[in-house]
Each structure stands twice: as structure tokens, then as C-alpha cells.
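Dumped my_file-v1.csv below, it's CSV, C-alpha atoms and all ligand atoms:
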chain,number,residue,atom,x,y,z
R,1,MET,CA,6.6,10.1,132.3
R,2,LYS,CA,7.7,10.5,135.9
R,3,SER,CA,10.4,12.9,135.0
R,4,LEU,CA,8.0,14.9,132.9
R,5,ILE,CA,5.6,15.2,135.9
R,6,ILE,CA,8.6,16.3,138.1
R,7,ALA,CA,9.6,18.9,135.5
R,8,LEU,CA,6.1,20.3,135.3
R,9,ALA,CA,5.8,20.4,139.1
R,10,LEU,CA,9.1,22.4,139.2
R,11,VAL,CA,7.9,24.9,136.6
R,12,ALA,CA,4.6,25.3,138.5
R,13,ALA,CA,6.5,26.0,141.7
R,14,VAL,CA,8.6,28.7,140.2
R,15,PRO,CA,7.2,32.1,141.5
R,16,LEU,CA,6.2,34.7,138.9
R,17,PRO,CA,9.0,37.1,138.2
R,18,ALA,CA,8.4,40.3,140.2
R,19,HIS,CA,7.9,42.4,137.1
R,20,ALA,CA,4.9,40.3,136.0
R,21,GLU,CA,2.9,41.5,139.0
R,22,HIS,CA,4.2,45.1,138.9
R,23,ARG,CA,4.6,45.8,135.2
R,24,THR,CA,2.7,48.7,133.8
R,25,PRO,CA,-0.9,47.4,133.3
R,26,ARG,CA,-2.1,47.2,129.7
R,27,ASP,CA,-5.4,48.9,130.5
R,28,LEU,CA,-7.6,50.3,133.4
R,29,ARG,CA,-9.2,46.9,134.1
R,30,GLU,CA,-5.8,45.4,134.7
R,31,LEU,CA,-4.7,48.4,136.8
R,32,ALA,CA,-7.8,48.0,138.9
R,33,TYR,CA,-7.2,44.3,139.3
R,34,GLN,CA,-3.5,44.7,140.3
R,35,ASN,CA,-4.6,47.2,143.0
R,36,GLY,CA,-7.6,45.2,144.3
R,37,ILE,CA,-10.2,47.8,143.4
R,38,ARG,CA,-12.7,48.3,140.6
R,39,ILE,CA,-12.4,51.2,138.1
R,40,GLY,CA,-15.7,52.3,136.7
R,41,SER,CA,-17.4,54.7,134.4
R,42,ALA,CA,-20.8,56.3,134.0
R,43,VAL,CA,-22.6,54.9,131.0
R,44,ASN,CA,-24.5,56.8,128.3
R,45,ILE,CA,-27.1,54.2,127.3
R,46,ALA,CA,-27.7,55.6,123.8
R,47,ALA,CA,-24.0,55.3,123.1
R,48,LEU,CA,-23.9,51.9,124.5
R,49,ARG,CA,-26.6,50.8,122.1
R,50,ASP,CA,-25.5,52.7,119.0
R,51,GLU,CA,-21.7,53.1,119.1
R,52,ALA,CA,-19.6,50.0,118.7
R,53,ASP,CA,-16.4,51.9,119.4
R,54,TYR,CA,-17.8,53.3,122.7
R,55,ARG,CA,-19.0,49.8,123.7
R,56,LYS,CA,-15.6,48.3,122.9
R,57,VAL,CA,-13.6,50.8,125.1
R,58,LEU,CA,-16.2,50.7,127.9
R,59,ASN,CA,-16.1,46.9,128.2
R,60,ARG,CA,-12.3,46.6,127.7
R,61,GLU,CA,-11.3,49.2,130.3
R,62,PHE,CA,-14.0,49.2,133.1
R,63,SER,CA,-14.9,46.7,135.7
R,64,HIS,CA,-17.6,48.8,137.3
R,65,VAL,CA,-20.4,50.8,135.7
R,66,THR,CA,-23.0,53.4,136.7
R,67,ALA,CA,-26.0,54.5,134.6
R,68,GLU,CA,-25.5,58.2,133.9
R,69,ASN,CA,-29.3,58.8,133.7
R,70,ALA,CA,-31.1,55.5,133.1
R,71,MET,CA,-31.8,54.6,136.7
R,72,LYS,CA,-33.0,58.0,137.8
R,73,TRP,CA,-36.7,58.3,138.8
R,74,GLU,CA,-37.8,60.3,135.7
R,75,SER,CA,-36.2,57.6,133.5
R,76,VAL,CA,-37.7,54.6,135.2
R,77,GLU,CA,-41.2,55.9,136.0
R,78,PRO,CA,-42.0,58.8,133.6
R,79,GLU,CA,-45.7,58.4,134.2
R,80,ARG,CA,-47.2,57.3,137.5
R,81,GLY,CA,-47.3,53.5,137.6
R,82,VAL,CA,-45.7,53.2,134.1
R,83,PHE,CA,-42.3,51.7,134.4
R,84,THR,CA,-39.6,51.9,131.7
R,85,TRP,CA,-36.8,49.6,132.7
R,86,SER,CA,-35.4,48.8,129.3
R,87,ASP,CA,-32.4,51.2,129.4
R,88,ALA,CA,-31.5,50.3,133.0
R,89,ASP,CA,-31.9,46.6,132.1
R,90,ALA,CA,-29.6,47.1,129.1
R,91,LEU,CA,-26.8,48.4,131.4
R,92,VAL,CA,-27.2,45.6,133.9
R,93,ASP,CA,-27.2,43.0,131.1
R,94,ASN,CA,-24.1,44.4,129.5
R,95,ALA,CA,-22.4,44.5,132.8
R,96,ARG,CA,-23.1,40.9,133.5
R,97,ARG,CA,-21.8,39.8,130.1
R,98,ASN,CA,-18.6,41.9,130.7
R,99,ASN,CA,-17.8,41.1,134.3
R,100,GLN,CA,-18.6,44.6,135.5
R,101,LYS,CA,-20.1,45.4,138.9
R,102,VAL,CA,-22.9,48.0,139.0
R,103,ARG,CA,-23.6,51.1,141.0
R,104,GLY,CA,-27.2,52.0,141.2
R,105,HIS,CA,-27.7,55.8,140.8
R,106,THR,CA,-29.8,57.1,142.4
R,107,LEU,CA,-32.8,56.4,144.6
R,108,VAL,CA,-33.5,59.7,146.4
R,109,TRP,CA,-32.5,62.9,144.7
R,110,HIS,CA,-34.0,66.4,144.3
R,111,ASN,CA,-33.3,66.4,140.6
R,112,GLN,CA,-34.6,64.5,137.6
R,113,LEU,CA,-37.8,63.6,139.3
R,114,PRO,CA,-40.8,62.8,137.1
R,115,ALA,CA,-43.2,65.7,136.4
R,116,TRP,CA,-46.2,63.8,137.7
R,117,LEU,CA,-44.5,63.7,141.1
R,118,THR,CA,-43.2,67.2,141.4
R,119,SER,CA,-46.4,68.8,140.1
R,120,GLY,CA,-48.5,66.6,142.3
R,121,VAL,CA,-46.6,67.8,145.3
R,122,GLU,CA,-46.7,71.4,144.2
R,123,ASN,CA,-50.5,71.5,143.5
R,124,GLY,CA,-51.3,69.6,146.7
R,125,THR,CA,-52.8,66.5,145.1
R,126,ILE,CA,-50.1,64.4,146.7
R,127,ASP,CA,-49.9,65.0,150.4
R,128,ALA,CA,-47.1,64.1,152.8
R,129,ALA,CA,-48.5,60.7,153.8
R,130,GLU,CA,-48.9,59.7,150.2
R,131,LEU,CA,-45.5,61.1,149.3
R,132,ARG,CA,-43.9,58.9,151.9
R,133,GLU,CA,-45.7,55.9,150.5
R,134,ILE,CA,-44.6,56.8,146.9
R,135,LEU,CA,-41.0,57.1,148.0
R,136,ARG,CA,-41.1,53.8,149.9
R,137,ASP,CA,-42.7,52.0,146.9
R,138,HIS,CA,-40.2,53.6,144.5
R,139,ILE,CA,-37.2,52.4,146.5
R,140,THR,CA,-38.6,49.0,147.1
R,141,THR,CA,-39.6,48.4,143.5
R,142,GLN,CA,-36.3,49.5,142.0
R,143,VAL,CA,-34.0,47.8,144.5
R,144,ARG,CA,-36.0,44.6,144.3
R,145,ARG,CA,-35.9,44.5,140.6
R,146,TYR,CA,-32.1,44.5,140.6
R,147,LYS,CA,-31.6,42.5,143.8
R,148,GLY,CA,-28.3,40.7,143.6
R,149,LYS,CA,-27.3,42.6,140.5
R,150,ILE,CA,-26.3,45.9,142.0
R,151,ARG,CA,-23.2,46.0,144.2
R,152,ALA,CA,-23.8,49.5,145.6
R,153,TRP,CA,-26.7,51.9,145.6
R,154,ASP,CA,-26.5,55.7,145.9
R,155,VAL,CA,-29.4,55.8,148.3
R,156,VAL,CA,-29.4,59.5,148.9
R,157,ASN,CA,-27.7,61.9,146.6
R,158,GLU,CA,-26.7,65.5,147.3
R,159,VAL,CA,-28.8,66.1,150.5
R,160,VAL,CA,-26.5,68.8,151.9
R,161,ASN,CA,-25.9,72.3,150.6
R,162,ASP,CA,-22.5,73.8,150.2
R,163,ASP,CA,-23.0,76.0,153.3
R,164,GLY,CA,-23.6,72.8,155.4
R,165,THR,CA,-27.4,73.2,155.8
R,166,MET,CA,-29.7,70.5,154.7
R,167,ARG,CA,-31.1,70.8,151.2
R,168,GLN,CA,-34.7,71.9,151.2
R,169,SER,CA,-35.8,69.3,148.7
R,170,ILE,CA,-39.4,68.1,148.5
R,171,TRP,CA,-38.2,65.2,150.7
R,172,LEU,CA,-37.0,67.3,153.5
R,173,THR,CA,-39.8,69.9,153.4
R,174,HIS,CA,-42.7,67.4,153.2
R,175,LEU,CA,-41.3,64.3,155.1
R,176,GLY,CA,-38.8,65.9,157.5
R,177,PRO,CA,-35.2,64.7,158.1
R,178,GLY,CA,-36.3,61.2,158.9
R,179,TYR,CA,-36.7,60.4,155.2
R,180,ILE,CA,-32.9,59.7,155.0
R,181,ALA,CA,-33.1,56.9,157.6
R,182,ASP,CA,-36.3,55.6,156.0
R,183,ALA,CA,-34.7,55.4,152.6
R,184,PHE,CA,-31.7,53.4,153.8
R,185,ARG,CA,-34.0,51.0,155.8
R,186,TRP,CA,-36.3,50.4,152.8
R,187,ALA,CA,-33.4,49.8,150.5
R,188,HIS,CA,-31.8,47.4,152.9
R,189,ARG,CA,-35.0,45.4,153.2
R,190,ALA,CA,-35.3,45.1,149.4
R,191,ASP,CA,-31.7,43.9,148.9
R,192,PRO,CA,-29.8,43.1,152.2
R,193,HIS,CA,-26.6,42.5,150.3
R,194,ALA,CA,-26.3,45.8,148.4
R,195,ARG,CA,-23.9,48.3,149.8
R,196,LEU,CA,-25.9,51.5,150.6
R,197,TYR,CA,-24.2,54.9,150.1
R,198,ILE,CA,-24.7,58.5,150.8
R,199,ASN,CA,-23.2,60.4,147.8
R,200,ASP,CA,-22.4,64.1,147.2
R,201,TYR,CA,-20.2,66.6,145.3
R,202,ASN,CA,-17.7,69.0,146.8
R,203,LEU,CA,-17.2,66.6,149.7
R,204,GLU,CA,-13.6,66.4,148.6
R,205,TRP,CA,-12.8,69.9,150.1
R,206,ASN,CA,-15.9,71.8,151.4
R,207,ALA,CA,-15.6,71.8,155.2
R,208,PRO,CA,-19.2,72.7,156.1
R,209,LYS,CA,-20.5,70.0,153.7
R,210,ILE,CA,-18.0,67.5,155.1
R,211,GLU,CA,-19.0,68.2,158.7
R,212,THR,CA,-22.7,68.0,158.1
R,213,THR,CA,-22.4,64.8,156.1
R,214,PHE,CA,-20.1,63.3,158.9
R,215,SER,CA,-22.8,64.1,161.5
R,216,ILE,CA,-25.5,62.6,159.3
R,217,VAL,CA,-23.6,59.4,159.0
R,218,LYS,CA,-22.8,59.2,162.8
R,219,ASP,CA,-26.4,59.9,163.6
R,220,LEU,CA,-27.6,57.2,161.2
R,221,GLN,CA,-25.1,54.7,162.7
R,222,ALA,CA,-26.3,55.6,166.2
R,223,GLN,CA,-29.8,54.7,165.2
R,224,GLY,CA,-28.7,51.4,163.7
R,225,VAL,CA,-29.5,52.5,160.2
R,226,PRO,CA,-27.9,50.3,157.5
R,227,ILE,CA,-25.5,52.8,155.8
R,228,HIS,CA,-22.3,51.2,154.4
R,229,GLY,CA,-20.6,53.8,152.1
R,230,ILE,CA,-19.7,57.3,151.3
R,231,GLY,CA,-19.5,58.4,147.7
R,232,PHE,CA,-17.3,61.3,146.7
R,233,GLN,CA,-18.5,62.5,143.3
R,234,GLY,CA,-15.3,64.3,142.4
R,235,HIS,CA,-16.3,66.8,139.8
R,236,LEU,CA,-13.1,68.8,139.6
R,237,GLY,CA,-11.8,71.6,137.5
R,238,ILE,CA,-8.1,72.4,136.9
R,239,GLN,CA,-8.9,76.1,137.5
R,240,TYR,CA,-9.9,75.4,141.1
R,241,GLY,CA,-6.8,73.5,142.3
R,242,TYR,CA,-6.6,69.9,143.4
R,243,PRO,CA,-8.4,69.2,146.8
R,244,GLY,CA,-5.2,68.4,148.6
R,245,ASP,CA,-6.9,67.2,151.8
R,246,TRP,CA,-9.1,64.6,150.1
R,247,ALA,CA,-7.2,61.5,151.3
R,248,ASN,CA,-7.7,62.7,154.9
R,249,VAL,CA,-11.4,63.3,154.4
R,250,MET,CA,-11.7,59.8,152.9
R,251,SER,CA,-9.9,58.4,156.0
R,252,ARG,CA,-12.2,60.2,158.4
R,253,PHE,CA,-15.2,58.5,156.9
R,254,ALA,CA,-13.4,55.2,156.6
R,255,ASP,CA,-12.7,55.4,160.3
R,256,LEU,CA,-16.5,55.4,160.9
R,257,GLY,CA,-16.4,52.0,159.3
R,258,LEU,CA,-17.7,53.1,155.9
R,259,GLU,CA,-16.6,51.8,152.5
R,260,VAL,CA,-15.3,54.7,150.3
R,261,ALA,CA,-15.8,55.3,146.6
R,262,VAL,CA,-15.0,57.9,144.1
R,263,THR,CA,-18.3,57.9,142.2
R,264,GLU,CA,-18.3,60.6,139.5
R,265,LEU,CA,-14.8,61.8,138.8
R,266,ASP,CA,-14.1,64.2,136.0
R,267,VAL,CA,-11.6,67.0,135.6
R,268,ARG,CA,-12.8,69.9,133.4
R,269,MET,CA,-10.9,72.8,132.0
R,270,GLU,CA,-11.6,76.1,130.3
R,271,LEU,CA,-11.4,75.6,126.5
R,272,PRO,CA,-9.3,75.6,124.3
R,273,VAL,CA,-7.4,72.6,125.3
R,274,THR,CA,-3.6,73.0,125.5
R,275,SER,CA,-1.0,70.4,126.2
R,276,GLU,CA,-0.2,72.2,129.5
R,277,LYS,CA,-3.8,71.9,130.6
R,278,LEU,CA,-3.9,68.3,129.7
R,279,ALA,CA,-0.8,67.7,131.8
R,280,THR,CA,-2.4,69.4,134.8
R,281,GLN,CA,-5.6,67.3,134.2
R,282,ALA,CA,-3.5,64.2,134.1
R,283,ASP,CA,-1.9,65.1,137.4
R,284,TYR,CA,-5.4,65.6,139.0
R,285,TYR,CA,-6.5,62.1,137.8
R,286,ARG,CA,-3.3,60.6,139.1
R,287,ARG,CA,-3.6,62.2,142.5
R,288,ALA,CA,-7.3,61.2,142.8
R,289,LEU,CA,-6.4,57.5,142.2
R,290,THR,CA,-3.4,57.8,144.5
R,291,ASP,CA,-5.6,59.2,147.2
R,292,CYS,CA,-8.1,56.4,146.8
R,293,LEU,CA,-5.5,53.7,146.8
R,294,GLY,CA,-4.0,55.2,149.9
R,295,VAL,CA,-7.2,54.5,151.9
R,296,LYS,CA,-7.9,50.8,152.4
R,297,ALA,CA,-11.6,51.3,152.5
R,298,CYS,CA,-11.6,52.9,149.0
R,299,ARG,CA,-13.0,50.1,146.8
R,300,GLU,CA,-14.2,51.8,143.7
R,301,PHE,CA,-12.9,54.6,141.5
R,302,THR,CA,-15.5,55.7,138.9
R,303,VAL,CA,-15.3,58.4,136.3
R,304,TRP,CA,-18.4,60.3,135.1
R,305,GLY,CA,-18.1,59.2,131.5
R,306,PHE,CA,-14.9,58.2,129.9
R,307,THR,CA,-15.0,60.1,126.6
R,308,ASP,CA,-15.2,63.8,125.7
R,309,ARG,CA,-17.7,62.7,123.0
R,310,HIS,CA,-20.3,62.2,125.7
R,311,SER,CA,-19.8,64.4,128.7
R,312,TRP,CA,-22.2,66.5,130.7
R,313,VAL,CA,-19.6,69.2,131.2
R,314,PRO,CA,-20.0,71.4,128.0
R,315,GLY,CA,-23.8,71.5,128.4
R,316,TRP,CA,-23.5,72.8,132.0
R,317,PHE,CA,-20.4,75.0,132.1
R,318,GLU,CA,-20.1,77.4,129.2
R,319,GLY,CA,-16.7,77.4,127.6
R,320,GLU,CA,-15.5,74.4,129.6
R,321,GLY,CA,-15.0,70.7,128.6
R,322,ALA,CA,-12.5,68.1,127.8
R,323,ALA,CA,-13.0,66.5,131.2
R,324,CYS,CA,-12.6,62.9,130.4
R,325,LEU,CA,-9.8,60.2,130.0
R,326,PHE,CA,-10.4,59.7,126.3
R,327,ASP,CA,-11.0,62.4,123.6
R,328,GLU,CA,-14.0,62.5,121.2
R,329,ASN,CA,-12.3,60.0,118.9
R,330,LEU,CA,-11.7,57.6,121.9
R,331,ALA,CA,-7.9,58.3,121.8
R,332,PRO,CA,-6.5,58.0,125.3
R,333,LYS,CA,-5.4,61.4,126.8
R,334,PRO,CA,-2.4,62.0,129.0
R,335,ALA,CA,-4.7,61.5,132.0
R,336,TYR,CA,-5.3,57.9,130.9
R,337,HIS,CA,-1.6,57.2,130.8
R,338,ALA,CA,-1.1,58.9,134.1
R,339,LEU,CA,-3.6,56.5,135.7
R,340,LEU,CA,-1.8,53.5,134.3
R,341,GLY,CA,1.4,54.7,136.0
R,342,VAL,CA,-0.1,54.9,139.5
R,343,LYS,CA,1.2,52.4,142.0
R,344,LYS,CA,-0.1,51.6,145.4
R,345,ALA,CA,2.3,53.1,148.0
R,401,LIG,O1,-33.9,63.0,127.9
R,401,LIG,C1,-34.1,64.4,127.6
R,401,LIG,C2,-34.5,64.5,126.2
R,401,LIG,O2,-35.7,63.8,126.0
R,401,LIG,C3,-34.6,66.0,125.8
R,401,LIG,O3,-34.8,66.1,124.5
R,401,LIG,C4,-33.3,66.7,126.1
R,401,LIG,C5,-33.3,68.2,125.9
R,401,LIG,O4,-32.6,68.9,126.8
R,401,LIG,O5,-33.0,66.5,127.5
R,401,LIG,C6,-32.8,65.1,127.9
R,401,LIG,O6,-32.6,65.1,129.2
R,401,LIG,C7,-31.3,65.4,129.6
R,401,LIG,C8,-30.8,64.3,130.5
R,401,LIG,O7,-29.5,64.7,131.0
R,401,LIG,C9,-30.6,63.0,129.7
R,401,LIG,O8,-29.7,63.2,128.6
R,401,LIG,C10,-31.4,66.7,130.5
R,401,LIG,O9,-31.8,67.8,129.7
R,401,LIG,C11,-30.1,67.0,131.1
R,401,LIG,O10,-30.2,68.0,132.1
R,401,LIG,C12,-29.6,65.8,131.9
R,401,LIG,O11,-28.4,66.0,132.5
R,401,LIG,C13,-27.9,65.1,133.4
R,401,LIG,C14,-27.7,65.8,134.8
R,401,LIG,O12,-27.2,64.8,135.7
R,401,LIG,C15,-29.1,66.2,135.3
R,401,LIG,O13,-29.0,66.7,136.6
R,401,LIG,C16,-26.5,64.7,132.9
R,401,LIG,O14,-26.6,63.9,131.7
R,401,LIG,C17,-25.8,63.8,134.0
R,401,LIG,O15,-24.5,63.6,133.7
R,401,LIG,C18,-25.9,64.5,135.3
R,401,LIG,O16,-25.3,63.6,136.3
R,401,LIG,C19,-25.2,64.2,137.6
R,401,LIG,C20,-25.4,63.0,138.6
R,401,LIG,O17,-26.5,62.3,138.3
R,401,LIG,C21,-25.3,63.5,140.1
R,401,LIG,N1,-24.1,64.3,140.3
R,401,LIG,C22,-23.9,65.3,139.4
R,401,LIG,C23,-23.8,64.8,137.9
R,401,LIG,C24,-23.5,65.9,137.0
R,401,LIG,O18,-24.5,66.9,137.0

How does the structure come out when it is put into C-alpha cells?
Ligand code: G3I
Amino acid sequence: MKSLIIALALVAAVPLPAHAEHRTPRDLRELAYQNGIRIGSAVNIAALRDEADYRKVLNREFSHVTAENAMKWESVEPERGVFTWSDADALVDNARRNNQKVRGHTLVWHNQLPAWLTSGVENGTIDAAELREILRDHITTQVRRYKGKIRAWDVVNEVVNDDGTMRQSIWLTHLGPGYIADAFRWAHRADPHARLYINDYNLEWNAPKIETTFSIVKDLQAQGVPIHGIGFQGHLGIQYGYPGDWANVMSRFADLGLEVAVTELDVRMELPVTSEKLATQADYYRRALTDCLGVKACREFTVWGFTDRHSWVPGWFEGEGAACLFDENLAPKPAYHALLGVKKA
């Protein structure tokens, strides 16, 4: 017995062979784990409900999820005071069962607002004071509902234009620029542990947008506003070139003390698909993950849908598509394999 115990102790003391830690991961979940980050995907709730193969790949590969549409204002409060949480709940429940963290998307945006709200503001039945109350109640209700279940919230989304000016949304025009600080404070009060993000597209490369966003963050920090993270959406296209300075931009925001996340990565192309385009796309995905892993503050790498079966791209950009890691039949594309080969420097 004694010698058996000694033998077991010896086996337990033997370190893992180096290749066990550094071998090619079997899937994205393992890749993420090996690199100390979470790899996520946006989720189409109809597909999550109705498509077993979609569900299987989502839950196997991803350790972080974002609702593609189900947490947006028009989805959760289509009529004033009538809340429809079932889709958002379904995502959060599925995440809990599958060890996935959740990004809440999004609290304040100019898009996908319910018609009762936009028409009320337009026809003057909702004035500025009431609009402010409505926004505060919306943020408080939604963040409180998922308190402790959402790792990070996109508190404000796309508040800066490409030319670096502030977006003239109903929020800015009726509430003034202070709505951003208010939104963060209200969200923080509703869930003090959630990481609160500012999120935008083209932040990977667009200098005016980067500079204005940088100033917004510094200004919020100077006021003591609880802002914790910067989300780079990362909607790329192979015809535009890879944003080669992205890692530096991430570092600049990290140096302000922010957590960094890639929140909506996809890499579209002009159709038809060719093997050459797929190889370029794979390289973009590989570089994006490499850039994220090169910045210590980059904690999350989320793609905006994982399959070409359900992607927003063809509906928005005529003649473009094939932007995801898996094809319509859920076969992994070269980009998927390229990600598995990425190693932290
Ligand atoms: O739900 C309605 C349905 O009832 C109706 O029959 C149908 C007819 O068009 O439309 C459905 O709504 C669509 C909605 O997605 C839900 O599927 C809208 O038309 C469509 O415009 C909407 O698109 C979404 C888009 O945001 C809207 O701005 C995309 O799915 C979603 O991927 C996209 O996501 C955004 C992020 O939230 C923010 N960053 C950019 C990103 C891509 O645009």
C-alpha cells in the first residue's frame, strides 16, 4: 500500500509534457482557455432555438456570447411598458448551461429603437425631461434584470461619426453630451460588478474616430465615471486591407486602464468566394487574434456570428458575404484553422 502511494505521488509530481500545454487546440474554446481569454460569438436566437447543429457548434466552440439582436431596445420593449424578455432570457440560460460569459448588447444606441420611442420624440409627445427618465428606466430595468449574469455591457454604442464629430442621435440632440456619463452611472448602479464598455466600428483604423473616442474616455475618467472597457467591433472586409495599426490603438486605450475586447469581428469579401479570398480572410482573422493576444488587457475576442448561414453581411452589402468562420453547412473554413494555429508571442 505504502509503495503504491509513493508511486502515485511520483506520477502526480511529474510535470505535464510541454506539448500538452502547447499542442494545437482541438477547438476555439480550448484555444481561448490556453491563452487566458474568452472567444465569443454573436447569437441568432431563432437559430439557437430551431437548429440543433447551430446550437452544437455554438456551445462547443464559444465561451462568450452576445445577443445579435435580442437585447436591443426594440426587442425587449416593443411597446411602451410591455417587456419581452424571452429571447434574451433564452440566451442567458443557454450561456449558463454551457459555461459561457455574456456580453450585453446594447443599452444606448441610435438604431433599433422601438417605434413608440422614436415617434414620441419626433412628434413632441415625449419631451427632453421625459426622455431622460425613459433612458434611465430602460438602463436600470435591463441591467438589473441580468445582474450578476452579464460580464460586460456595451453601454453606449457607435456614438462617434467617422469624421470624429459626435453622432446627432436623439440622445445627443435632446439630452446633450451628458447622456453618456449618465448612462454609465445608471448602469453601474444597477450592477456594480458588470464591466461597462464604449463600443464602436472603424475604431480599428479611423484616426478622427479614435481621437474623439479617446477624448471621451479620458473625459469620463476625469469625472470619475465608471467606464471599464473599449469594444472594437472589427467589421472588416478583405478589399479594404487589414488595419495594421490596430494593436497600437488597442494599447493606447489599455494604457488608459481600460479592458479591451474585439466585440463583433467578421471579415467579408466580394462574392464569389475563391480559395485565394478565403486565404486572405484567414490571414485577417489570424492577425486580429494575434493583435488581441499581444495586448494584455484584451480579454475577449468575439465574432459577429460564426456561420455564413446566419450573417448580417449579405443583407447589408450587396454582392458581399462569406464573412464568418464556418460556411453555411457549418464546415470550418480556412479562417477557423488559422485561428487554431495562433500562439501568444
Ligand atoms: O425582426 C424583424 C422582422 O420582424 C421583420 O420581418 C424583418 C424584415 O426585414 O426584419 C426583422 O428585423 C431585422 C433585425 O435585424 C432582426 O433580424 C432588421 O430588418 C435588420 O435590419 C436587423 O439587422 C441587424 C442590424 O444590427 C440592425 O442595425 C443585424 O441583424 C445585426 O447583425 C446588426 O448588428 C449590428 C450591431 O448591433 C452593432 N454593430 C454593427 C452590427 C452590424 O450592423

* For ligand LIG 401 (chain R), list the contacting residues at 6 Å or closer, counting all atoms listed in the file, as a ChimeraX atom specification. => /R:68-69,111,312

* Asked: Do you know which residues are at most 12 Å from Thr280 (chain R) counting only C-alpha atoms, after dropping those on the same chain fewer than 3 positions away, and could you put them as a PyMOL selection string?
  -> chain R and resi 236-242+267-269+273-277+283-287+323+333-335+338

* Considering only C-alpha atoms, return as a PyMOL selection string whatever protein or nucleic-acid residues lie within 9 Å of region 154-166 of chain R, sequence-local ones (same chain, fewer than 2 positions apart) excluded. => chain R and resi 103-110+139+152+168-169+172+177+180+183-184+187+195-203+206-213+227+229-231

* At what distance in Å, to one decimal, does CA of Ala88 (chain R) lie from CA of Gly315 (chain R)? ->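 Answer for the CA of Gly315 (chain R) to CA of Ala88 (chain R) separation: 23.0 Å.
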
* Would you please work out which residue, of R:Tyr179, R:Trp316, R:Trp153, R:Trp186, is nearest to Thr140 (chain R) when using all atoms listed in the file? =>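 Under the stated criterion, the closest residue is R:Trp186.
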
* Nearest to Val143 (chain R): which of R:Val102, R:Leu131, R:Ile126, R:Ala194 is it, counting all atoms listed in the file? ->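 Residue with the minimum atom-to-atom distance to Val143 (chain R): R:Ala194.
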
* Asked: Which polymer residues have any atom within 8 Å of an atom of region 78-84 of chain R, counting all atoms listed in the file, with same-chain residues fewer than 5 positions away left out, as a ChimeraX atom specification?
  -> /R:73,114-117

* Could you check how far CA of Arg299 (chain R) sits from CA of Lys344 (chain R), in Å to one decimal? =>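 For CA of Arg299 (chain R) relative to CA of Lys344 (chain R), the distance reads 13.1 Å.
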
* Length of the CA of Arg97 (chain R) to CA of Arg29 (chain R) vector [Å] ->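 So the answer is 15.0 Å.
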
* Give me the residues within 12 Å of His64 (chain R) as a PyMOL selection string, counting only C-alpha atoms and dropping any in the same chain fewer than 2 places off. => chain R and resi 28-29+32-33+37-43+58-62+66-67+91-92+94-96+98-104+149-152+261-263+299-305

Output for the residues just chosen: C-alpha atoms as an mmCIF file, in the coordinates of the input:
data_model
loop_
_atom_site.group_PDB
_atom_site.id
_atom_site.type_symbol
_atom_site.label_atom_id
_atom_site.label_comp_id
_atom_site.auth_asym_id
_atom_site.auth_seq_id
_atom_site.Cartn_x
_atom_site.Cartn_y
_atom_site.Cartn_z
ATOM 1 C CA LEU R 28 -7.600 50.300 133.400
ATOM 2 C CA ARG R 29 -9.200 46.900 134.100
ATOM 3 C CA ALA R 32 -7.800 48.000 138.900
ATOM 4 C CA TYR R 33 -7.200 44.300 139.300
ATOM 5 C CA ILE R 37 -10.200 47.800 143.400
ATOM 6 C CA ARG R 38 -12.700 48.300 140.600
ATOM 7 C CA ILE R 39 -12.400 51.200 138.100
ATOM 8 C CA GLY R 40 -15.700 52.300 136.700
ATOM 9 C CA SER R 41 -17.400 54.700 134.400
ATOM 10 C CA ALA R 42 -20.800 56.300 134.000
ATOM 11 C CA VAL R 43 -22.600 54.900 131.000
ATOM 12 C CA LEU R 58 -16.200 50.700 127.900
ATOM 13 C CA ASN R 59 -16.100 46.900 128.200
ATOM 14 C CA ARG R 60 -12.300 46.600 127.700
ATOM 15 C CA GLU R 61 -11.300 49.200 130.300
ATOM 16 C CA PHE R 62 -14.000 49.200 133.100
ATOM 17 C CA THR R 66 -23.000 53.400 136.700
ATOM 18 C CA ALA R 67 -26.000 54.500 134.600
ATOM 19 C CA LEU R 91 -26.800 48.400 131.400
ATOM 20 C CA VAL R 92 -27.200 45.600 133.900
ATOM 21 C CA ASN R 94 -24.100 44.400 129.500
ATOM 22 C CA ALA R 95 -22.400 44.500 132.800
ATOM 23 C CA ARG R 96 -23.100 40.900 133.500
ATOM 24 C CA ASN R 98 -18.600 41.900 130.700
ATOM 25 C CA ASN R 99 -17.800 41.100 134.300
ATOM 26 C CA GLN R 100 -18.600 44.600 135.500
ATOM 27 C CA LYS R 101 -20.100 45.400 138.900
ATOM 28 C CA VAL R 102 -22.900 48.000 139.000
ATOM 29 C CA ARG R 103 -23.600 51.100 141.000
ATOM 30 C CA GLY R 104 -27.200 52.000 141.200
ATOM 31 C CA LYS R 149 -27.300 42.600 140.500
ATOM 32 C CA ILE R 150 -26.300 45.900 142.000
ATOM 33 C CA ARG R 151 -23.200 46.000 144.200
ATOM 34 C CA ALA R 152 -23.800 49.500 145.600
ATOM 35 C CA ALA R 261 -15.800 55.300 146.600
ATOM 36 C CA VAL R 262 -15.000 57.900 144.100
ATOM 37 C CA THR R 263 -18.300 57.900 142.200
ATOM 38 C CA ARG R 299 -13.000 50.100 146.800
ATOM 39 C CA GLU R 300 -14.200 51.800 143.700
ATOM 40 C CA PHE R 301 -12.900 54.600 141.500
ATOM 41 C CA THR R 302 -15.500 55.700 138.900
ATOM 42 C CA VAL R 303 -15.300 58.400 136.300
ATOM 43 C CA TRP R 304 -18.400 60.300 135.100
ATOM 44 C CA GLY R 305 -18.100 59.200 131.500
#

* **Nearest candidate to Asn248 (chain R) (options R:Ala128, R:Ala331, R:Leu340, R:Val295; using all atoms listed in the file)** => R:Val295

* Structure fact -> Counting all atoms listed in the file, closest pick from R:Val57, R:Cys292, R:Val121, R:Leu48 relative to His174 (chain R) is R:Val121

* Shell around Trp85 (chain R) at 9 Å using only C-alpha atoms, local window under 4 positions removed, as a PyMOL selection string -> chain R and resi 70-71+75-77+89-90
